[in-house]
Amino acid sequence: MKKITLIRHAKAEVLDYDNTDFERNLRSRGVDDSNIIAKVLTDNGFKPELIISSDANRAIQTAEVFAEVNSISTKQIVKLRSIYDNLNIQVLSQILDQYASKNEMIYLIGHNPDISYLAYKLCDEFSMSVPTCAAIGLEFDIENWSEISPGTASLLFYEYPKKYK
């Protein structure tokens with residue numbers, strides 16, 4: 001069994017003229033929300049062996065909070081540009097096969113609409129909205145990450161910050 005938690009980055013700064021979308025940082029609310037959700041997941045036994053993140057500032061900062069809560073060195077976070085935009089099942093499968101082939105439980109931190117798209121496509125049970133810092137836990141009855149395909153995941157959990165405020 002393989003498990004992945006798809007996580008949308010936490011609440012970030014509004015896009016302005018001084019920074020690109022890629023350079024946007026987390027707001028204090030985003031840091032707080034990341035701590036809440038990371039603790040909920042960890043307390044429920046969903047501690048990752050590996051964190052893979054978009055290399056956009058707000059995603060990395062979200063990943064760093066999740067790593068800290070899980071006592072994972074931030075140097076162990078895999079940061080990839082390919083998660084920033086147009087992430088699909090084929091690209092996800094390749095990323096997981098390349099970076100996580102020996103891991104059973106992964107956190108993947110990225111952006112919408114890609115996180116929503118992956119959750120909807122991979123899991124027929126999932127149809128909710130995906131607010132910032134939402135976490136969708138999926139389980140696959142597979143041996144290798146390269147075997148993931150549409151509709152093959154079971155929904156383990158759906159967590160989001162407002163549920164705990």
# chains A, B, ... in the order shown; residues from 1 in each chain; ligands from 1
>>> select_by_dssp(residues="range 33-76 of chain A", states="alpha helix (DSSP H)", output="list in words")
Asp33, Ser34, Asn35, Ile36, Ile37, Ala38, Lys39, Val40, Leu41, Thr42, Asp43, Asn57, Arg58, Ala59, Ile60, Gln61, Thr62, Ala63, Glu64, Val65, Phe66, Ala67, Glu68 and Val69 of chain A
>>> residues_around(residues="Tyr120 in chain A", least_positions_apart="5", cutoff="12 Å", atoms="only C-alpha atoms", output="list of chain:residue names")
A:Leu6, A:Asn88, A:Ile89, A:Pro113, A:Asp114, A:Ile115, A:Glu125, A:Phe126, A:Ser127, A:Met128, A:Ser129, A:Val130, A:Ile136, A:Leu138, A:Ser149, A:Pro150, A:Gly151, A:Thr152, A:Ala153, A:Ser154, A:Leu155
>>> select_by_dssp(residues="chain A", states="strand (DSSP E)", output="JSON, numbers by chain")
{"A": [2, 3, 4, 5, 6, 7, 8, 50, 51, 52, 53, 54, 78, 79, 80, 105, 106, 107, 108, 109, 110, 135, 136, 137, 138, 139, 140, 153, 154, 155, 156, 157, 158, 159]}
>>> residues_around(residues="Leu87 in chain A", least_positions_apart="3", cutoff="9 Å", atoms="only C-alpha atoms", output="JSON list (two decimals) with N, CA and C atoms, in the first residue's frame")
[["chain", "number", "residue", "atom", "x", "y", "z"],
["A", 82, "SER", "N", 8.58, 21.32, -11.47],
["A", 82, "SER", "CA", 7.51, 20.62, -12.20],
["A", 82, "SER", "C", 6.22, 20.51, -11.39],
["A", 83, "ILE", "N", 6.25, 20.82, -10.11],
["A", 83, "ILE", "CA", 5.03, 20.81, -9.29],
["A", 83, "ILE", "C", 4.37, 22.18, -9.30],
["A", 84, "TYR", "N", 5.08, 23.20, -9.74],
["A", 84, "TYR", "CA", 4.56, 24.57, -9.72],
["A", 84, "TYR", "C", 3.38, 24.76, -10.66],
["A", 90, "GLN", "N", 0.44, 11.72, -14.91],
["A", 90, "GLN", "CA", 1.64, 11.16, -15.52],
["A", 90, "GLN", "C", 2.91, 11.79, -14.91],
["A", 91, "VAL", "N", 2.92, 13.10, -14.77],
["A", 91, "VAL", "CA", 4.07, 13.79, -14.18],
["A", 91, "VAL", "C", 4.21, 13.38, -12.71],
["A", 92, "LEU", "N", 3.10, 13.32, -11.99],
["A", 92, "LEU", "CA", 3.14, 12.89, -10.60],
["A", 92, "LEU", "C", 3.74, 11.50, -10.48],
["A", 110, "GLY", "N", 1.71, 21.48, -3.22],
["A", 110, "GLY", "CA", 1.65, 22.19, -4.49],
["A", 110, "GLY", "C", 0.56, 23.24, -4.50],
["A", 114, "ASP", "N", -4.01, 22.36, -9.67],
["A", 114, "ASP", "CA", -3.42, 21.02, -9.84],
["A", 114, "ASP", "C", -3.71, 20.07, -8.69],
["A", 115, "ILE", "N", -3.67, 20.54, -7.44],
["A", 115, "ILE", "CA", -3.94, 19.65, -6.30],
["A", 115, "ILE", "C", -5.39, 19.17, -6.37],
["A", 117, "TYR", "N", -7.29, 18.96, -9.07],
["A", 117, "TYR", "CA", -7.36, 18.08, -10.24],
["A", 117, "TYR", "C", -6.88, 16.67, -9.90],
["A", 118, "LEU", "N", -5.72, 16.58, -9.25],
["A", 118, "LEU", "CA", -5.18, 15.26, -8.90],
["A", 118, "LEU", "C", -6.11, 14.52, -7.96]]
>>> closest_residue(among="A:Lys75, A:Lys165, A:Arg58, A:Lys102", to="Arg24 in chain A", atoms="only C-alpha atoms")
A:Arg58
>>> atom_distance(atom1="CA of Thr62 in chain A", atom2="CA of Phe157 in chain A")
19.1 Å
>>> closest_atom_pairs(of="range 46-129 of chain A", to="range 25-40 of chain A", cutoff="10 Å", atoms="only C-alpha atoms", output="CSV")
residue,atom,partner,partner_atom,distance
A:Phe46,CA,A:Val40,CA,8.7
A:Lys47,CA,A:Ala38,CA,8.8
A:Ala56,CA,A:Asn25,CA,8.7
A:Asn57,CA,A:Asn25,CA,5.6
A:Arg58,CA,A:Asn25,CA,4.7
A:Ala59,CA,A:Leu26,CA,8.4
A:Ile60,CA,A:Asn25,CA,9.1
A:Gln61,CA,A:Leu26,CA,6.8
A:Thr62,CA,A:Ser34,CA,6.2
A:Ala63,CA,A:Ser34,CA,8.5
A:Glu64,CA,A:Ser34,CA,9.3
A:Val65,CA,A:Ser34,CA,6.2
A:Phe66,CA,A:Ala38,CA,5.2
A:Ala67,CA,A:Ala38,CA,8.5
A:Glu68,CA,A:Asn35,CA,9.0
A:Val69,CA,A:Ala38,CA,6.3
A:Asn70,CA,A:Ala38,CA,7.7
>>> write_last_selection(atoms="C-alpha atoms", output="CSV table (one decimal), in the first residue's frame")
chain,number,residue,atom,x,y,z
A,46,PHE,CA,0.2,10.3,9.0
A,47,LYS,CA,3.8,11.1,9.3
A,56,ALA,CA,7.7,28.4,-5.2
A,57,ASN,CA,8.3,30.3,-2.0
A,58,ARG,CA,4.9,29.8,-0.4
A,59,ALA,CA,5.0,26.0,-1.1
A,60,ILE,CA,8.5,25.6,0.3
A,61,GLN,CA,7.5,27.6,3.4
A,62,THR,CA,4.5,25.4,3.9
A,63,ALA,CA,6.7,22.3,3.5
A,64,GLU,CA,9.2,23.6,6.0
A,65,VAL,CA,6.4,23.9,8.7
A,66,PHE,CA,5.2,20.4,7.9
A,67,ALA,CA,8.8,19.2,8.1
A,68,GLU,CA,9.4,20.9,11.4
A,69,VAL,CA,6.3,19.4,13.0
A,70,ASN,CA,7.3,16.0,11.8
>>> closest_residue(among="A:Glu139, A:Thr132, A:Leu108, A:Cys123", to="Lys2 in chain A", atoms="only C-alpha atoms")
A:Glu139
>>> atom_distance(atom1="CA of Glu49 in chain A", atom2="CA of Asp97 in chain A")
14.4 Å
>>> closest_residue(among="A:Ser93, A:Lys79, A:Pro48, A:Ser116", to="Thr5 in chain A", atoms="only C-alpha atoms")
A:Pro48
>>> closest_residue(among="A:Ile7, A:Ile72, A:Ile52, A:Ala119", to="Ile95 in chain A", atoms="only C-alpha atoms")
A:Ile52
>>> closest_residue(among="A:Ile148, A:Met1, A:Met105, A:Leu96", to="Leu122 in chain A", atoms="only C-alpha atoms")
A:Ile148
>>> closest_residue(among="A:Asp85, A:Phe22, A:Gln98, A:Gln76", to="Ser146 in chain A", atoms="only C-alpha atoms")
A:Gln98
>>> residues_around(residues="Ala134 in chain A", least_positions_apart="3", cutoff="7 Å", atoms="only C-alpha atoms", output="ChimeraX atom specification")
/A:7-8,130-131,159-161
>>> atom_distance(atom1="CA of Ser54 in chain A", atom2="CA of Tyr17 in chain A")
22.0 Å
